[in-house]
Each structure stands twice: as structure tokens, then as C-alpha cells.
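> Below is one structure. I have some questions about it.
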Amino acid sequence: MKIGGWLGLVEKPKHPPSNHALTGIYFFKPIIFEMIKYLKQSWRGELEITEAIQMLLEKGYKVEHRFAKGWWKDTGTPEDILEANRLVLDELDRKIEGEIEEGAMVQGRVILEKGCVAKTRHPL
């Protein structure tokens, strides 16, 4: 279904209209919670975020996408989410453009953008 030039979104269709998938990497503004208020449980007994995104499209909100390449990981369990996080981190290169305070410690695959400051930890 086309809505304002966009194709409609379908959650786990029995007969997929394409070979593309919504992989579950989302960044939302607070308006998404307004859409979620109107969701009803799906046949799977869940509130489907795909339907909330579809509502954003129908109401004329800007929805952007990126095509992911290389790998895809289902994130249906906490273990899956941790594994997906590891896969994402494996693709990062360390980049330090911000400031690291004296005594602060920055380890591992970290991106510290310009204008950011890594501060020392103070006991509570």
C-alpha cells in the first residue's frame, strides 16, 4: 500500500511483498509514544512498533531509513540484544575527538565526539 509516496509497512507477513526487512534499529522522537497509545495487540499478542511507524507515515511525519548491509540479527531475547550490541561494537573504530580529563579512563571501542568530555568518576 502506498501512503504519500511511501510503501506501507507490514509486520512479519506470511507472503512478504519484498526481500527487505525492518531490522529493529530505531531512533524515535517522543511523538512515537502518541502513536503507541493507539496500538492494539497483534495476532502475536504484542504491540507492533511497525504499526506505530506506519501511523507516523499516515499522519505525515518524516520517517527516514537506512539499508543495513553485511549482517542481520533477530533481537527477540536479551541474549540476542547483547549479541547484536557486540556485532555493532565490532564494526566501530576508536575515535577520540573530545577531551579526556586528567585521571579519567577511556577503554575499548569508544567514540568521543568533539565537544564531549570524559570526566573522572567521583564517589557518591
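The chains in the C-alpha cells are called A, B, ... from first to last as shown; in each chain the residues are counted from 1, and the ligands are counted from 1 in the order shown.
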Residues of chain A classed as helix (DSSP H, G or I) by DSSP on the backbone are to be reported as a PyMOL selection string.
chain A and resi 31-36+49-58+78-90
> Would you kindly return, as an mmCIF file with N, CA and C atoms, in the first residue's frame, each protein, DNA or RNA residue with an atom no farther than 8 Å from any atom of range 10-20 of chain A, considering only C-alpha atoms and excluding same-chain residues fewer than 3 positions away?

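Result written to around24.cif:
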```cif
data_model
loop_
_atom_site.group_PDB
_atom_site.id
_atom_site.type_symbol
_atom_site.label_atom_id
_atom_site.label_comp_id
_atom_site.auth_asym_id
_atom_site.auth_seq_id
_atom_site.Cartn_x
_atom_site.Cartn_y
_atom_site.Cartn_z
ATOM 1 N N GLU A 48 2.946 -3.868 18.078
ATOM 2 C CA GLU A 48 3.922 -3.900 16.991
ATOM 3 C C GLU A 48 4.425 -2.495 16.677
ATOM 4 N N THR A 50 6.066 -1.609 14.246
ATOM 5 C CA THR A 50 5.846 -1.365 12.825
ATOM 6 C C THR A 50 4.548 -0.586 12.606
ATOM 7 N N GLU A 51 3.505 -0.932 13.364
ATOM 8 C CA GLU A 51 2.236 -0.216 13.230
ATOM 9 C C GLU A 51 2.363 1.225 13.685
#
```
> Using backbone DSSP assignments, extract all strand (DSSP E or B) residues from chain A; output them as a PDB file with N, CA and C atoms, in the first residue's frame.

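To be explicit, this is the file written out as result_34.pdb:
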```pdb
ATOM      1  N   LYS A   2       0.595   2.209  -0.834  1.00  0.00           N
ATOM      2  CA  LYS A   2       1.369   3.442  -0.892  1.00  0.00           C
ATOM      3  C   LYS A   2       0.673   4.519  -0.088  1.00  0.00           C
ATOM      4  N   ILE A   3       1.464   5.229   0.733  1.00  0.00           N
ATOM      5  CA  ILE A   3       0.938   6.335   1.520  1.00  0.00           C
ATOM      6  C   ILE A   3       1.860   7.512   1.300  1.00  0.00           C
ATOM      7  N   TRP A   6       5.142   6.622   0.102  1.00  0.00           N
ATOM      8  CA  TRP A   6       5.796   5.569   0.880  1.00  0.00           C
ATOM      9  C   TRP A   6       5.043   4.268   0.714  1.00  0.00           C
ATOM     10  N   LEU A   7       5.737   3.186   0.755  1.00  0.00           N
ATOM     11  CA  LEU A   7       5.089   1.887   0.814  1.00  0.00           C
ATOM     12  C   LEU A   7       4.661   1.638   2.244  1.00  0.00           C
ATOM     13  N   LYS A  95      37.590   6.428  18.184  1.00  0.00           N
ATOM     14  CA  LYS A  95      37.770   7.789  17.689  1.00  0.00           C
ATOM     15  C   LYS A  95      37.634   8.737  18.875  1.00  0.00           C
ATOM     16  N   ILE A  96      38.690   9.437  19.182  1.00  0.00           N
ATOM     17  CA  ILE A  96      38.687  10.386  20.299  1.00  0.00           C
ATOM     18  C   ILE A  96      38.930  11.779  19.740  1.00  0.00           C
ATOM     19  N   GLU A  99      37.543  15.673  24.776  1.00  0.00           N
ATOM     20  CA  GLU A  99      38.548  15.892  25.827  1.00  0.00           C
ATOM     21  C   GLU A  99      38.443  14.787  26.870  1.00  0.00           C
ATOM     22  N   ILE A 100      39.591  14.311  27.336  1.00  0.00           N
ATOM     23  CA  ILE A 100      39.635  13.334  28.422  1.00  0.00           C
ATOM     24  C   ILE A 100      40.288  14.017  29.611  1.00  0.00           C
ATOM     25  N   ILE A 111      33.793   6.094  20.983  1.00  0.00           N
ATOM     26  CA  ILE A 111      33.750   7.282  20.136  1.00  0.00           C
ATOM     27  C   ILE A 111      33.440   8.443  21.054  1.00  0.00           C
ATOM     28  N   LEU A 112      34.364   9.361  21.158  1.00  0.00           N
ATOM     29  CA  LEU A 112      34.204  10.558  21.975  1.00  0.00           C
ATOM     30  C   LEU A 112      34.252  11.741  21.012  1.00  0.00           C
ATOM     31  N   VAL A 117      33.272  15.534  26.921  1.00  0.00           N
ATOM     32  CA  VAL A 117      34.326  15.451  27.925  1.00  0.00           C
ATOM     33  C   VAL A 117      34.143  14.173  28.733  1.00  0.00           C
ATOM     34  N   ALA A 118      35.198  13.352  28.799  1.00  0.00           N
ATOM     35  CA  ALA A 118      35.209  12.190  29.683  1.00  0.00           C
ATOM     36  C   ALA A 118      35.758  12.675  31.010  1.00  0.00           C
TER      37      ALA A 118
END
```
> Please measure the separation of CA of Leu87 in chain A and CA of Gly115 in chain A, giving the value in Å to one decimal.
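Between CA of Leu87 in chain A and CA of Gly115 in chain A the gap is 27.0 Å.
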> In Å, with one decimal, what is the gap from CA of Ser42 in chain A to CA of Phe28 in chain A?
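Distance reported for this atom pair: 21.2 Å.
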> Mind pulling up the distance from CA of Ile25 in chain A to CA of Leu57 in chain A?
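Separation of CA of Leu57 in chain A and CA of Ile25 in chain A: 17.4 Å.
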> List the spatial neighbours of Lys29 in chain A as an MDAnalysis selection string - criterion: any atom at most 12 Å away, only C-alpha atoms, same-chain residues fewer than 6 positions off excluded.
chainID A and resid 35 53 56 61:63
> Only C-alpha atoms, please: the residues just picked out, written as a PDB file, in the first residue's frame.

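Produced file selection_8.pdb, reproduced below:
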```pdb
ATOM      1  CA  MET A  35       1.220   6.632  18.235  1.00  0.00           C
ATOM      2  CA  ILE A  53       5.819   3.730  12.416  1.00  0.00           C
ATOM      3  CA  LEU A  56       3.711   8.269  11.742  1.00  0.00           C
ATOM      4  CA  TYR A  61       5.642  12.723   9.989  1.00  0.00           C
ATOM      5  CA  LYS A  62       9.086  12.387   8.478  1.00  0.00           C
ATOM      6  CA  VAL A  63      10.362   8.818   8.696  1.00  0.00           C
TER       7      VAL A  63
END
```
